[in-house]
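**Q** Contents of entry-v4.cif (mmCIF, C-alpha atoms) are below:
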```cif
data_data
loop_
_atom_site.label_atom_id
_atom_site.label_comp_id
_atom_site.auth_asym_id
_atom_site.auth_seq_id
_atom_site.Cartn_x
_atom_site.Cartn_y
_atom_site.Cartn_z
CA MET U 720 18.65 43.79 1.10
CA LYS U 721 21.41 42.92 -1.36
CA THR U 722 23.61 39.85 -1.01
CA LYS U 723 26.58 42.05 -0.06
CA ASP U 724 24.60 43.66 2.76
CA CYS U 725 23.62 40.26 4.11
CA ILE U 726 27.24 39.13 4.09
CA GLU U 727 28.32 42.28 5.92
CA LEU U 728 25.73 41.61 8.59
CA ILE U 729 27.12 38.13 9.09
CA GLN U 730 30.64 39.48 9.32
CA LEU U 731 29.55 41.98 11.93
CA ALA U 732 27.86 39.26 13.90
CA ASP U 733 30.95 37.11 13.70
CA GLU U 734 33.25 39.84 14.96
CA GLY U 735 31.00 41.11 17.69
CA GLY U 736 30.06 44.28 15.83
CA VAL U 737 33.64 45.42 15.22
CA PHE U 738 34.34 45.67 11.52
CA THR U 739 37.78 46.82 10.52
CA ASP U 740 39.69 47.17 7.29
CA GLU U 741 41.71 44.20 8.29
CA SER U 742 38.71 41.97 8.39
CA ARG U 743 38.66 40.14 5.08
CA TYR U 744 36.55 37.17 4.16
CA ASP U 745 36.35 35.07 1.11
CA ILE U 746 33.17 36.20 -0.64
CA GLY U 747 32.42 32.72 -1.96
CA THR U 748 32.73 31.19 1.46
CA MET U 749 30.62 33.87 3.07
CA THR U 750 27.92 33.39 0.42
CA ALA U 751 28.00 29.69 1.20
CA VAL U 752 27.63 30.48 4.92
CA LEU U 753 24.72 32.78 4.15
CA ASN U 754 23.01 30.21 1.93
CA ALA U 755 23.44 27.41 4.43
CA ALA U 756 22.18 29.53 7.30
CA ARG U 757 19.24 30.71 5.22
CA GLY U 758 18.21 27.13 4.45
CA PHE U 759 18.52 26.24 8.10
CA ALA U 760 16.42 29.23 9.15
CA ILE U 761 13.69 28.50 6.58
CA ALA U 762 13.39 24.89 7.71
CA GLU U 763 13.24 26.04 11.30
CA MET U 764 10.55 28.62 10.55
CA TYR U 765 8.50 26.16 8.51
CA ASN U 766 8.51 23.59 11.26
CA LYS U 767 7.18 26.24 13.63
CA ASN U 768 4.33 27.63 11.55
CA ASN U 769 4.03 25.51 8.38
CA ARG U 770 4.46 28.56 6.18
CA ILE U 771 6.92 29.66 3.56
CA HIS U 772 7.29 33.41 3.22
CA PRO U 773 7.05 34.46 -0.47
CA ASN U 774 10.35 36.34 -0.12
CA PHE U 775 12.18 33.03 -0.12
CA LEU U 776 10.78 31.91 -3.45
CA GLN U 777 12.48 32.25 -6.80
CA ARG U 778 11.30 31.41 -10.28
CA VAL U 779 13.06 29.31 -12.85
CA TYR U 780 12.01 28.57 -16.41
CA PRO U 781 14.02 25.45 -17.25
CA LYS U 782 14.93 25.12 -20.91
CA TYR U 783 13.93 22.10 -22.93
CA GLU U 784 17.14 20.55 -24.19
CA LYS U 785 16.90 17.82 -26.74
CA ASP U 786 20.29 16.32 -25.87
CA LEU U 787 19.21 15.83 -22.27
CA GLN U 788 16.31 13.54 -23.10
CA GLN U 789 16.64 9.84 -22.33
CA ASP U 790 13.19 8.37 -22.74
CA ASP U 791 10.02 8.88 -24.78
CA CYS U 792 7.81 8.62 -21.70
CA TYR U 793 9.07 11.67 -19.84
CA VAL U 794 10.82 14.96 -20.44
CA MET U 795 13.89 15.94 -18.44
CA PHE U 796 14.70 19.45 -17.29
CA GLU U 797 17.69 20.67 -15.37
CA VAL U 798 16.85 22.52 -12.15
CA PRO U 799 19.02 24.09 -9.45
CA LYS U 800 19.40 22.37 -6.11
CA THR U 801 16.70 23.10 -3.56
CA VAL U 802 16.53 23.45 0.19
CA GLU U 803 14.89 20.48 1.84
CA ILE U 804 12.44 21.76 4.41
CA ASN U 805 11.22 18.49 5.90
CA ASN U 806 10.26 15.01 4.76
CA GLN U 807 7.19 16.40 2.96
CA ILE U 808 8.48 19.61 1.41
CA ASP U 809 11.59 19.35 -0.73
CA GLY U 810 11.85 23.01 -1.62
CA LEU U 811 9.90 22.85 -4.87
CA MET U 812 6.84 24.98 -4.30
CA TYR U 813 5.39 24.90 -7.79
CA VAL U 814 6.11 22.77 -10.80
CA GLY U 815 3.60 23.11 -13.57
CA THR U 816 2.41 24.96 -16.61
CA ILE U 817 4.21 28.13 -17.48
CA ASP U 818 1.18 30.31 -16.69
CA GLY U 819 1.22 29.06 -13.09
CA LYS U 820 -2.34 27.76 -13.24
CA ASN U 821 -1.87 24.02 -13.26
CA SER U 822 0.58 22.34 -10.95
CA TYR U 823 1.86 18.88 -11.77
CA TRP U 824 1.59 16.10 -9.22
CA LYS U 825 4.72 15.04 -7.48
CA VAL U 826 6.03 11.53 -7.02
CA ARG U 827 8.82 11.18 -4.53
CA THR U 828 10.69 8.22 -5.96
CA ARG U 829 10.60 5.95 -8.98
CA MET U 830 9.60 3.16 -6.65
CA GLN U 831 6.60 5.16 -5.54
CA ALA U 832 5.64 5.88 -9.15
CA ASN U 833 5.80 2.18 -10.00
CA SER U 834 3.91 1.21 -6.92
CA ARG U 835 1.16 3.69 -7.71
CA ARG U 836 0.69 2.31 -11.20
CA ASN U 837 -0.48 -0.90 -9.57
CA HIS U 838 -3.52 0.78 -8.09
CA ARG U 839 -6.63 1.53 -10.12
CA ILE U 840 -7.27 5.02 -8.73
CA HIS U 841 -3.63 6.05 -8.95
CA SER U 842 -3.53 4.86 -12.56
CA ILE U 843 -6.52 7.05 -13.32
CA ALA U 844 -4.89 9.98 -11.54
CA MET U 845 -1.63 9.43 -13.43
CA ALA U 846 -3.50 9.43 -16.71
CA LYS U 847 -5.45 12.58 -15.84
CA HIS U 848 -2.71 14.63 -14.22
CA VAL U 849 0.85 15.22 -15.31
CA HIS U 850 3.25 13.86 -12.71
CA PHE U 851 6.86 14.76 -12.08
CA LEU U 852 9.80 13.31 -10.22
CA HIS U 853 12.51 15.45 -8.68
CA ASP U 854 15.80 13.65 -9.05
CA THR U 855 17.74 15.67 -6.49
CA THR U 856 20.92 13.67 -6.88
CA ARG U 857 21.30 14.51 -10.55
CA GLY U 858 19.49 17.84 -10.38
CA TYR U 859 16.82 16.89 -12.90
CA LEU U 860 13.08 17.08 -13.10
CA GLU U 861 11.39 14.25 -14.94
CA VAL U 862 7.99 15.32 -16.22
CA TYR U 863 5.84 12.34 -17.18
CA ASP U 864 4.31 13.77 -20.32
CA ASP U 865 6.34 13.88 -23.51
CA LYS U 866 4.34 16.85 -24.81
CA VAL U 867 5.53 19.18 -22.07
CA LYS U 868 8.26 21.49 -23.32
CA TYR U 869 7.85 24.62 -21.22
CA ILE U 870 7.45 24.59 -17.47
CA LEU U 871 7.60 26.97 -14.57
CA VAL U 872 9.40 26.03 -11.39
CA GLU U 873 9.07 28.03 -8.19
CA GLY U 874 11.12 27.00 -5.25
CA ILE U 875 13.53 27.67 -2.45
CA PHE U 876 16.90 27.14 -4.00
CA SER U 877 19.95 26.35 -1.95
CA ASP U 878 22.09 28.93 -3.76
CA PRO U 879 19.82 31.79 -4.78
CA THR U 880 22.68 33.78 -6.26
CA THR U 881 23.27 31.28 -9.06
CA ILE U 882 19.69 31.16 -10.30
CA PRO U 883 19.51 32.28 -13.94
CA GLY U 884 18.56 35.94 -14.08
CA PHE U 885 19.67 36.73 -10.53
CA ASN U 886 21.91 39.79 -10.43
CA ILE U 887 24.03 39.64 -7.31
CA GLU U 888 24.72 43.39 -7.42
CA GLU U 889 21.20 44.59 -8.12
CA ASP U 890 18.70 42.02 -6.88
CA ASP U 891 17.58 41.60 -3.31
CA TYR U 892 18.78 38.43 -1.67
CA PRO U 893 15.66 36.26 -1.13
CA ILE U 894 15.38 36.42 2.63
CA THR U 895 13.15 38.04 5.22
CA MET U 896 14.35 40.26 8.06
CA ASN U 897 13.26 37.63 10.56
CA ALA U 898 15.30 34.98 8.85
CA MET U 899 18.27 37.34 8.56
CA LYS U 900 18.07 37.97 12.27
CA ARG U 901 18.09 34.24 12.87
CA VAL U 902 21.10 33.83 10.58
CA GLU U 903 22.95 36.51 12.56
CA ASP U 904 22.10 34.74 15.80
CA MET U 905 23.36 31.45 14.46
CA VAL U 906 26.62 33.02 13.36
CA ARG U 907 27.01 34.80 16.69
CA GLN U 908 26.34 31.64 18.67
CA GLY U 909 28.75 29.71 16.52
CA THR U 910 26.11 27.32 15.20
CA ILE U 911 27.52 27.48 11.70
CA ARG U 912 30.46 29.87 11.97
CA ASP U 913 33.11 27.44 13.08
CA VAL U 914 32.50 25.05 10.24
CA LEU U 915 32.56 27.45 7.35
CA ARG U 916 34.56 30.38 8.57
CA VAL U 917 37.74 31.49 6.82
CA PRO U 918 40.47 32.94 9.02
CA ILE U 919 40.69 36.73 8.96
CA ASN U 920 43.81 38.16 7.32
CA LYS U 921 45.78 40.18 9.85
CA ILE U 922 48.92 40.87 7.84
CA SER U 923 48.78 43.25 4.92
CA ASN U 924 51.11 41.54 2.50
CA SER U 925 48.82 40.69 -0.46
CA ALA U 926 48.76 37.07 0.60
CA GLU U 927 46.39 34.92 2.55
CA ASP U 928 47.49 34.46 6.15
CA SER U 929 46.55 30.84 5.97
CA ASN U 930 49.22 30.34 3.30
CA ILE U 931 52.04 31.75 5.43
CA LYS U 932 54.24 29.16 6.99
CA ARG U 933 54.04 29.62 10.73
CA ASP U 934 57.04 29.44 13.01
CA VAL U 935 57.12 26.03 14.47
CA GLN U 936 58.60 25.88 17.90
CA THR U 937 60.94 22.97 18.15
CA LYS U 938 62.81 21.61 21.05
CA MET Q 198 -38.01 19.56 1.06
CA ILE Q 199 -34.86 19.92 -1.03
CA GLU Q 200 -31.65 19.37 0.87
CA VAL Q 201 -28.76 21.67 0.10
CA GLY Q 202 -26.31 20.00 -2.23
CA LYS Q 203 -28.43 17.02 -3.12
CA TYR Q 204 -28.56 17.87 -6.78
CA SER Q 205 -25.16 19.48 -6.98
CA ILE Q 206 -22.44 17.07 -8.07
CA VAL Q 207 -18.88 18.08 -7.32
CA SER Q 208 -15.55 16.46 -8.02
CA LEU Q 209 -13.67 14.41 -5.43
CA GLN Q 210 -10.89 16.90 -5.95
CA ASP Q 211 -12.96 19.43 -3.99
CA ALA Q 212 -12.72 17.27 -0.88
CA VAL Q 213 -9.02 16.67 -1.53
CA GLU Q 214 -8.36 20.42 -1.66
CA SER Q 215 -10.39 21.00 1.53
CA ALA Q 216 -8.44 18.31 3.33
CA LYS Q 217 -5.11 19.68 2.13
CA GLU Q 218 -6.10 23.04 3.50
CA MET Q 219 -7.07 21.52 6.84
CA LEU Q 220 -3.85 19.55 7.06
CA ARG Q 221 -1.79 22.51 5.83
CA ILE Q 222 -0.09 20.55 3.10
CA GLN Q 223 -1.07 22.86 0.27
CA ASP Q 224 2.56 23.51 -0.57
CA THR Q 225 2.94 20.10 -2.13
CA THR Q 226 1.10 17.85 -4.57
CA GLU Q 227 2.84 14.71 -3.36
CA PHE Q 228 -0.16 13.44 -1.42
CA ASP Q 229 -2.86 14.32 -3.95
CA GLY Q 230 -2.90 10.79 -5.34
CA PHE Q 231 -3.17 9.26 -1.89
CA LEU Q 232 -5.95 11.64 -0.89
CA LEU Q 233 -7.86 11.10 -4.14
CA ARG Q 234 -7.77 7.35 -3.60
CA LYS Q 235 -9.01 7.78 -0.05
CA ALA Q 236 -11.77 10.16 -1.20
CA ASP Q 237 -13.05 7.54 -3.64
CA GLU Q 238 -12.86 4.97 -0.86
CA ALA Q 239 -14.79 7.28 1.48
CA MET Q 240 -17.62 7.71 -1.00
CA ARG Q 241 -17.89 3.96 -1.50
CA HIS Q 242 -17.82 3.58 2.26
CA VAL Q 243 -20.63 6.09 2.78
CA GLY Q 244 -22.71 4.00 0.38
CA ASP Q 245 -25.89 5.98 0.97
CA LEU Q 246 -28.76 5.80 -1.48
CA THR Q 247 -27.53 8.79 -3.46
CA THR Q 248 -24.42 6.86 -4.50
CA TYR Q 249 -26.52 4.46 -6.61
CA VAL Q 250 -28.24 5.53 -9.82
CA LYS Q 251 -30.15 4.00 -12.70
CA ARG Q 252 -28.50 4.70 -16.01
CA ALA Q 253 -28.79 3.86 -19.69
CA CYS Q 254 -26.16 3.75 -22.39
CA THR Q 255 -25.42 2.38 -25.84
CA LEU Q 256 -22.61 -0.12 -26.23
CA SER Q 257 -20.90 -1.35 -29.38
CA VAL Q 258 -20.69 -5.09 -29.82
CA ALA Q 259 -17.48 -6.52 -31.24
CA ASP Q 260 -16.71 -10.25 -31.48
CA GLY Q 261 -19.75 -11.00 -29.37
CA ARG Q 262 -18.56 -8.80 -26.54
CA ALA Q 263 -19.43 -5.33 -25.31
CA LYS Q 264 -17.49 -3.45 -22.66
CA LEU Q 265 -19.68 -2.53 -19.72
CA PRO Q 266 -19.70 1.05 -18.50
CA MET Q 267 -17.85 2.23 -15.39
CA GLY Q 268 -19.71 1.66 -12.14
CA PHE Q 269 -21.92 -1.10 -13.53
CA ILE Q 270 -23.59 -3.14 -10.80
CA ARG Q 271 -26.62 -4.92 -12.22
CA LEU Q 272 -28.38 -5.21 -15.56
CA LEU Q 273 -31.93 -3.91 -15.72
CA GLY Q 274 -32.65 -4.45 -19.41
CA VAL Q 275 -31.24 -4.67 -22.92
CA ARG Q 276 -32.48 -3.54 -26.32
CA MET Q 277 -30.63 -4.43 -29.46
CA SER Q 278 -30.38 -2.62 -32.75
CA ASP Q 279 -28.35 -2.65 -35.95
CA SER Q 280 -26.31 0.21 -37.35
CA ASN Q 281 -29.43 1.71 -38.97
CA GLY Q 282 -31.13 1.94 -35.60
CA ASN Q 283 -33.60 -0.88 -36.29
CA CYS Q 284 -34.45 -2.71 -33.10
CA PHE Q 285 -34.59 -6.49 -32.75
CA ASP Q 286 -37.12 -8.34 -30.74
CA GLN Q 287 -34.63 -10.54 -29.00
CA PRO Q 288 -34.87 -11.16 -25.30
CA TYR Q 289 -31.37 -11.86 -24.06
CA LEU Q 290 -31.28 -13.41 -20.65
CA ASP Q 291 -28.56 -13.81 -18.13
CA LEU Q 292 -26.99 -17.27 -18.11
CA ALA Q 293 -26.71 -17.23 -14.35
CA PHE Q 294 -30.47 -16.69 -14.12
CA ILE Q 295 -31.38 -19.40 -16.64
CA THR Q 296 -29.20 -22.02 -15.03
CA ASP Q 297 -30.01 -21.01 -11.48
CA CYS Q 298 -32.50 -23.88 -11.06
CA GLY Q 299 -29.83 -26.43 -12.00
CA CYS Q 300 -31.29 -27.32 -15.41
CA ASP Q 301 -29.23 -26.14 -18.33
CA THR Q 302 -31.74 -25.50 -21.09
CA THR Q 303 -29.64 -23.06 -23.02
CA ALA Q 304 -28.60 -25.58 -25.65
CA THR Q 305 -32.16 -26.72 -26.28
CA ASN Q 306 -33.72 -25.70 -29.54
CA GLY Q 307 -37.27 -24.52 -29.53
CA ASN Q 308 -37.18 -22.57 -26.31
CA SER Q 309 -38.29 -18.99 -26.38
CA TYR Q 310 -34.84 -17.65 -25.82
CA HIS Q 311 -32.75 -16.79 -28.84
CA ASP Q 312 -29.49 -16.52 -27.01
CA VAL Q 313 -27.91 -15.96 -23.67
CA PHE Q 314 -25.17 -13.79 -22.30
CA GLU Q 315 -23.19 -13.46 -19.15
CA VAL Q 316 -21.19 -10.74 -17.52
CA GLN Q 317 -17.48 -11.41 -17.20
CA ASP Q 318 -14.58 -9.16 -16.23
CA GLY Q 319 -16.31 -5.94 -17.15
CA TYR Q 320 -17.72 -7.28 -20.43
CA ILE Q 321 -21.13 -8.51 -21.48
CA VAL Q 322 -20.39 -11.67 -23.42
CA PHE Q 323 -22.88 -13.26 -25.85
CA HIS Q 324 -22.67 -16.99 -26.15
CA ASN Q 325 -23.48 -17.24 -29.85
CA PRO Q 326 -21.84 -14.22 -31.43
CA ASN Q 327 -22.34 -15.59 -34.94
CA ASP Q 328 -26.12 -15.43 -34.53
CA LEU Q 329 -25.91 -11.87 -33.33
CA SER Q 330 -27.04 -9.45 -36.02
CA ALA Q 331 -27.01 -6.40 -33.78
CA SER Q 332 -24.00 -4.10 -33.82
CA GLU Q 333 -24.97 -2.22 -30.73
CA ILE Q 334 -27.03 -2.73 -27.63
CA LYS Q 335 -28.89 -0.29 -25.47
CA LEU Q 336 -28.42 -1.04 -21.85
CA ALA Q 337 -30.35 0.00 -18.75
CA TYR Q 338 -28.45 -0.73 -15.58
CA LEU Q 339 -28.02 -0.03 -11.93
CA SER Q 340 -24.76 1.77 -11.35
CA ARG Q 341 -22.64 3.43 -8.76
CA SER Q 342 -22.63 7.17 -9.23
CA VAL Q 343 -19.28 7.50 -11.00
CA ASP Q 344 -17.71 9.75 -13.62
CA ASP Q 345 -16.30 8.60 -16.97
CA ASP Q 346 -13.08 7.44 -15.32
CA GLY Q 347 -14.87 5.38 -12.70
CA LEU Q 348 -14.23 7.79 -9.83
CA MET Q 349 -17.13 8.27 -7.44
CA LEU Q 350 -19.17 11.43 -7.79
CA MET Q 351 -20.17 13.24 -4.68
CA SER Q 352 -22.68 15.87 -3.68
CA GLU Q 353 -21.76 19.07 -1.90
CA ARG Q 354 -23.21 17.68 1.28
CA HIS Q 355 -20.73 14.78 1.23
CA GLU Q 356 -17.75 17.10 1.21
CA ARG Q 357 -17.46 17.61 4.97
CA GLY Q 358 -17.62 13.90 5.70
CA VAL Q 359 -15.13 12.97 3.00
CA GLU Q 360 -12.79 15.74 4.13
CA ALA Q 361 -12.88 14.35 7.69
CA TYR Q 362 -12.16 10.85 6.33
CA LEU Q 363 -9.15 12.15 4.40
CA CYS Q 364 -7.80 14.05 7.39
CA TYR Q 365 -8.34 11.03 9.62
CA HIS Q 366 -6.44 8.71 7.31
CA PHE Q 367 -3.67 11.20 6.65
CA THR Q 368 -3.11 11.73 10.36
CA LEU Q 369 -3.24 7.96 10.79
CA SER Q 370 -0.57 7.55 8.14
CA PHE Q 371 1.63 10.31 9.61
CA PHE Q 372 0.78 9.41 13.20
CA GLU Q 373 4.13 10.69 14.49
CA LYS Q 374 3.27 14.23 13.44
CA PHE Q 375 -0.24 14.49 14.85
CA PRO Q 376 -1.46 14.09 18.42
CA VAL Q 377 -3.94 11.31 19.12
CA ASN Q 378 -6.77 13.69 20.02
CA ILE Q 379 -6.59 15.34 16.58
CA ARG Q 380 -6.87 11.94 14.93
CA GLN Q 381 -9.80 11.00 17.14
CA GLU Q 382 -11.55 14.28 16.39
CA TYR Q 383 -11.37 13.62 12.64
CA GLN Q 384 -12.58 10.09 13.20
CA ARG Q 385 -15.52 11.37 15.26
CA ILE Q 386 -16.54 13.88 12.59
CA TRP Q 387 -16.31 11.18 9.90
CA LYS Q 388 -18.49 8.76 11.87
CA ASN Q 389 -21.10 11.39 12.61
CA GLN Q 390 -21.16 12.66 9.05
CA LYS Q 391 -21.51 9.15 7.66
CA GLN Q 392 -24.48 8.41 9.88
CA HIS Q 393 -25.98 11.80 9.06
CA LEU Q 394 -25.59 11.25 5.30
CA LYS Q 395 -27.06 7.75 5.41
CA GLY Q 396 -29.96 8.90 7.55
CA MET Q 397 -30.66 11.86 5.30
CA ALA Q 398 -30.68 9.67 2.18
CA GLN Q 399 -33.02 7.19 3.84
CA ARG Q 400 -35.39 9.94 4.87
CA GLU Q 401 -35.44 11.38 1.38
CA ARG Q 402 -36.14 7.99 -0.13
CA PHE Q 403 -38.95 7.53 2.38
CA GLU Q 404 -40.42 10.92 1.46
CA GLU Q 405 -40.26 10.03 -2.23
CA ASN Q 406 -41.91 6.64 -1.65
CA LYS Q 407 -44.52 8.21 0.58
CA ARG Q 408 -45.45 10.70 -2.13
CA GLU Q 409 -45.74 7.94 -4.71
CA ILE Q 410 -47.86 5.76 -2.42
CA ALA Q 411 -50.06 8.73 -1.59
CA ALA Q 412 -50.49 9.49 -5.30
CA VAL Q 413 -51.51 5.89 -6.05
CA LEU Q 414 -53.90 5.78 -3.11
CA ASN Q 415 -55.43 9.14 -4.03
CA ALA Q 416 -55.97 7.96 -7.58
CA TRP Q 417 -57.56 4.72 -6.32
CA ILE Q 418 -59.83 6.45 -3.83
CA THR Q 419 -60.88 9.07 -6.37
CA SER Q 420 -61.63 6.51 -9.03
CA ASP Q 421 -63.50 4.39 -6.48
CA ARG Q 422 -65.73 7.33 -5.62
CA ASN Q 423 -66.37 8.08 -9.29
CA ASP Q 424 -67.59 4.53 -9.81
CA ARG Q 425 -70.36 4.89 -7.25
#
```
Mind converting the file's structure to structure tokens?
**A**
Amino acid sequence: MKTKDCIELIQLADEGGVFTDESRYDIGTMTAVLNAARGFAIAEMYNKNNRIHPNFLQRVYPKYEKDLQQDDCYVMFEVPKTVEINNQIDGLMYVGTIDGKNSYWKVRTRMQANSRRNHRIHSIAMAKHVHFLHDTTRGYLEVYDDKVKYILVEGIFSDPTTIPGFNIEEDDYPITMNAMKRVEDMVRQGTIRDVLRVPINKISNSAEDSNIKRDVQTK
Amino acid sequence: MIEVGKYSIVSLQDAVESAKEMLRIQDTTEFDGFLLRKADEAMRHVGDLTTYVKRACTLSVADGRAKLPMGFIRLLGVRMSDSNGNCFDQPYLDLAFITDCGCDTTATNGNSYHDVFEVQDGYIVFHNPNDLSASEIKLAYLSRSVDDDGLMLMSERHERGVEAYLCYHFTLSFFEKFPVNIRQEYQRIWKNQKQHLKGMAQRERFEENKREIAAVLNAWITSDRNDR
């Protein structure tokens, strides 16, 4: 199912199945609605059965950029924002060697990394295994091994359409039918519609209705 | 009787992976460090006879000190040699042993001891490094069964118990996510497995001792009969 098809399904759900030529939505806003609802549905599904369907996953090969580096101890890579599933799963499903055979070990915060260095076994583990930190605020991955230059990242990204290599016209939007059904339900019930919806244009005058100055009834 | 897994050493990581599978946290590596630490702790906690081994190694001596190997518990013996492999007839004795009676005779000339050492902070330290002509020492020692990094080694048969220990402690740590009965079930398996492992190791040691005693007695009885 392409991104456009998903958006049409949401529109249909929003309008009770009646889709007319006059119904016009901002594509950017509708994509945002779709992405938000998708993230919500994935988190909901994971909390029910502790599983992530492979359809949700996307691959990214972050580029090593010399100008981005700040320290000799770790290598920084830029990664797209992810969907946070719960307090254990932050949306990154694999970070590791490019062949997908060796995943790096995750540390949640810098504080945790420092704290772990104080323990003998953790120190051994940190020396034996490459660790990484996901700095979600800045959108960076810090890989604690200065020799690492190529990595593979697999994850659930909050905006799948902006992932490098994703063709919005050709590629299937990363969602399952179950999740799509849930998204439709949420839109129909108004769980997310009211927040992100853009008013439908009713007047055909090449201008957004929301920009037209309404008649204000005065006394 | 050979027990399954007795001679098969596996990594602690095996138990970590099993526990992750049980806890359904395979989609993240965030807890691998925590689980590895607990797995090492579990093996030390089991403490059955298979977790202790006799080992030998060669250590380099620098500035009168030699770094002891990982898992070192107690010295069994030392041989000293120079870089050409020539051995010295020098009995080095532990300072703690020599001074145990309260009389410090270490400074006395003419005793039969050439020098003394003591074990400090993971090093074997010789008291008179200038008199030491050996560049390396061969050490026999009692050790915990550990790998080169100092992590405990475990047999296949330990895996189930260690896995239960990991699950128990993980559910204890994330108590809000797991019902009490699940936690108690893991704890029960861990307790049972620990007793089972200790008992099995004891029985094996008994069997080994029994065989040795029987061999000695057989030899004695046979030789006694031959003398008649």
**Q** At a cut-off of 12 Å, which residues of chain Q touch chain U? Count all atoms listed in the file and give the answer as a ChimeraX atom specification.
**A** /Q:209-210,218-238,344-349,371,374
**Q** With C-alpha atoms kept, could you save the residues just selected as a compact mmCIF listing (two decimals), in the coordinates of the input?
**A**
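Contents of the output file out-v3.txt:
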```txt
# COMPACT_ATOMS: atom_id res chain seq x y z
CA LEU Q 209 -13.67 14.41 -5.43
CA GLN Q 210 -10.89 16.90 -5.95
CA GLU Q 218 -6.10 23.04 3.50
CA MET Q 219 -7.07 21.52 6.84
CA LEU Q 220 -3.85 19.55 7.06
CA ARG Q 221 -1.79 22.51 5.83
CA ILE Q 222 -0.09 20.55 3.10
CA GLN Q 223 -1.07 22.86 0.27
CA ASP Q 224 2.56 23.51 -0.57
CA THR Q 225 2.94 20.10 -2.13
CA THR Q 226 1.10 17.85 -4.57
CA GLU Q 227 2.84 14.71 -3.36
CA PHE Q 228 -0.16 13.44 -1.42
CA ASP Q 229 -2.86 14.32 -3.95
CA GLY Q 230 -2.90 10.79 -5.34
CA PHE Q 231 -3.17 9.26 -1.89
CA LEU Q 232 -5.95 11.64 -0.89
CA LEU Q 233 -7.86 11.10 -4.14
CA ARG Q 234 -7.77 7.35 -3.60
CA LYS Q 235 -9.01 7.78 -0.05
CA ALA Q 236 -11.77 10.16 -1.20
CA ASP Q 237 -13.05 7.54 -3.64
CA GLU Q 238 -12.86 4.97 -0.86
CA ASP Q 344 -17.71 9.75 -13.62
CA ASP Q 345 -16.30 8.60 -16.97
CA ASP Q 346 -13.08 7.44 -15.32
CA GLY Q 347 -14.87 5.38 -12.70
CA LEU Q 348 -14.23 7.79 -9.83
CA MET Q 349 -17.13 8.27 -7.44
CA PHE Q 371 1.63 10.31 9.61
CA LYS Q 374 3.27 14.23 13.44
```
**Q** Determine the nearest neighbour of Val243 (chain Q) from the options Q:Ser342, Q:Gln392, Q:Asn406, Q:Ser332, counting only C-alpha atoms.
**A**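 Ranking Q:Ser342, Q:Gln392, Q:Asn406, Q:Ser332 by distance to Val243 (chain Q), first place goes to Q:Gln392.
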**Q** Any idea what's packed within 12 Å of Asp318 (chain Q), counting all atoms listed in the file, ignoring anything in its chain fewer than 5 positions away? Could you give it as a list in words?
**A**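 The residues that qualify are Arg262, Ala263, Lys264, Leu265, Pro266, Met267 and Phe269 of chain Q.
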**Q** Here's the selection I'm unsure about, the PyMOL selection byres ((chain U and resi 894) around 12); applied to the file above, which residues does it give, as a compact mmCIF listing (two decimals) with C-alpha atoms, in the frame of the given file?
**A**
```
# COMPACT_ATOMS: atom_id res chain seq x y z
CA MET U 720 18.65 43.79 1.10
CA LYS U 721 21.41 42.92 -1.36
CA THR U 722 23.61 39.85 -1.01
CA ASP U 724 24.60 43.66 2.76
CA CYS U 725 23.62 40.26 4.11
CA LEU U 753 24.72 32.78 4.15
CA ASN U 754 23.01 30.21 1.93
CA ALA U 756 22.18 29.53 7.30
CA ARG U 757 19.24 30.71 5.22
CA GLY U 758 18.21 27.13 4.45
CA PHE U 759 18.52 26.24 8.10
CA ALA U 760 16.42 29.23 9.15
CA ILE U 761 13.69 28.50 6.58
CA ILE U 771 6.92 29.66 3.56
CA HIS U 772 7.29 33.41 3.22
CA PRO U 773 7.05 34.46 -0.47
CA ASN U 774 10.35 36.34 -0.12
CA PHE U 775 12.18 33.03 -0.12
CA LEU U 776 10.78 31.91 -3.45
CA GLN U 777 12.48 32.25 -6.80
CA ILE U 875 13.53 27.67 -2.45
CA PHE U 876 16.90 27.14 -4.00
CA SER U 877 19.95 26.35 -1.95
CA ASP U 878 22.09 28.93 -3.76
CA PRO U 879 19.82 31.79 -4.78
CA THR U 880 22.68 33.78 -6.26
CA ASP U 890 18.70 42.02 -6.88
CA ASP U 891 17.58 41.60 -3.31
CA TYR U 892 18.78 38.43 -1.67
CA PRO U 893 15.66 36.26 -1.13
CA THR U 895 13.15 38.04 5.22
CA MET U 896 14.35 40.26 8.06
CA ASN U 897 13.26 37.63 10.56
CA ALA U 898 15.30 34.98 8.85
CA MET U 899 18.27 37.34 8.56
CA LYS U 900 18.07 37.97 12.27
CA ARG U 901 18.09 34.24 12.87
CA VAL U 902 21.10 33.83 10.58
```
**Q** When the PyMOL selection byres ((chain Q and resi 355-366) around 9) is applied to the structure above, which residues does it catch, written out as a ChimeraX atom specification?
**A** /Q:202,207,209,211-217,219-220,232-233,235-237,239-240,243,351-354,367-371,379-391,394
**Q** To test your reading of the syntax: which residues would the PyMOL selection byres ((chain Q and resi 338) around 8) return for the file shown? Reply as a list in words.
**A**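 When the PyMOL selection byres ((chain Q and resi 338) around 8) is applied to the shown file, the picked residues are Lys251, Arg252, Ala253, Phe269, Ile270, Arg271, Leu272, Leu273, Gly274, Leu336, Ala337, Leu339 and Ser340 of chain Q.
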**Q** In Å to one decimal, how far is CA of Cys254 (chain Q) from CA of Lys395 (chain Q)?
**A**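 Going from CA of Lys395 (chain Q) over to CA of Cys254 (chain Q) covers 28.1 Å.
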**Q** Taking all atoms of region 207-210 of chain Q that appear in the file, build a box with edges along x, y and z, extend it by 5 Å on every side, and state its centre and edge lengths in Å to one decimal, as lines of an AutoDock Vina configuration file.
**A**
```
center_x = -14.9
center_y = 16.2
center_z = -6.7
size_x = 18.0
size_y = 13.7
size_z = 12.6
```
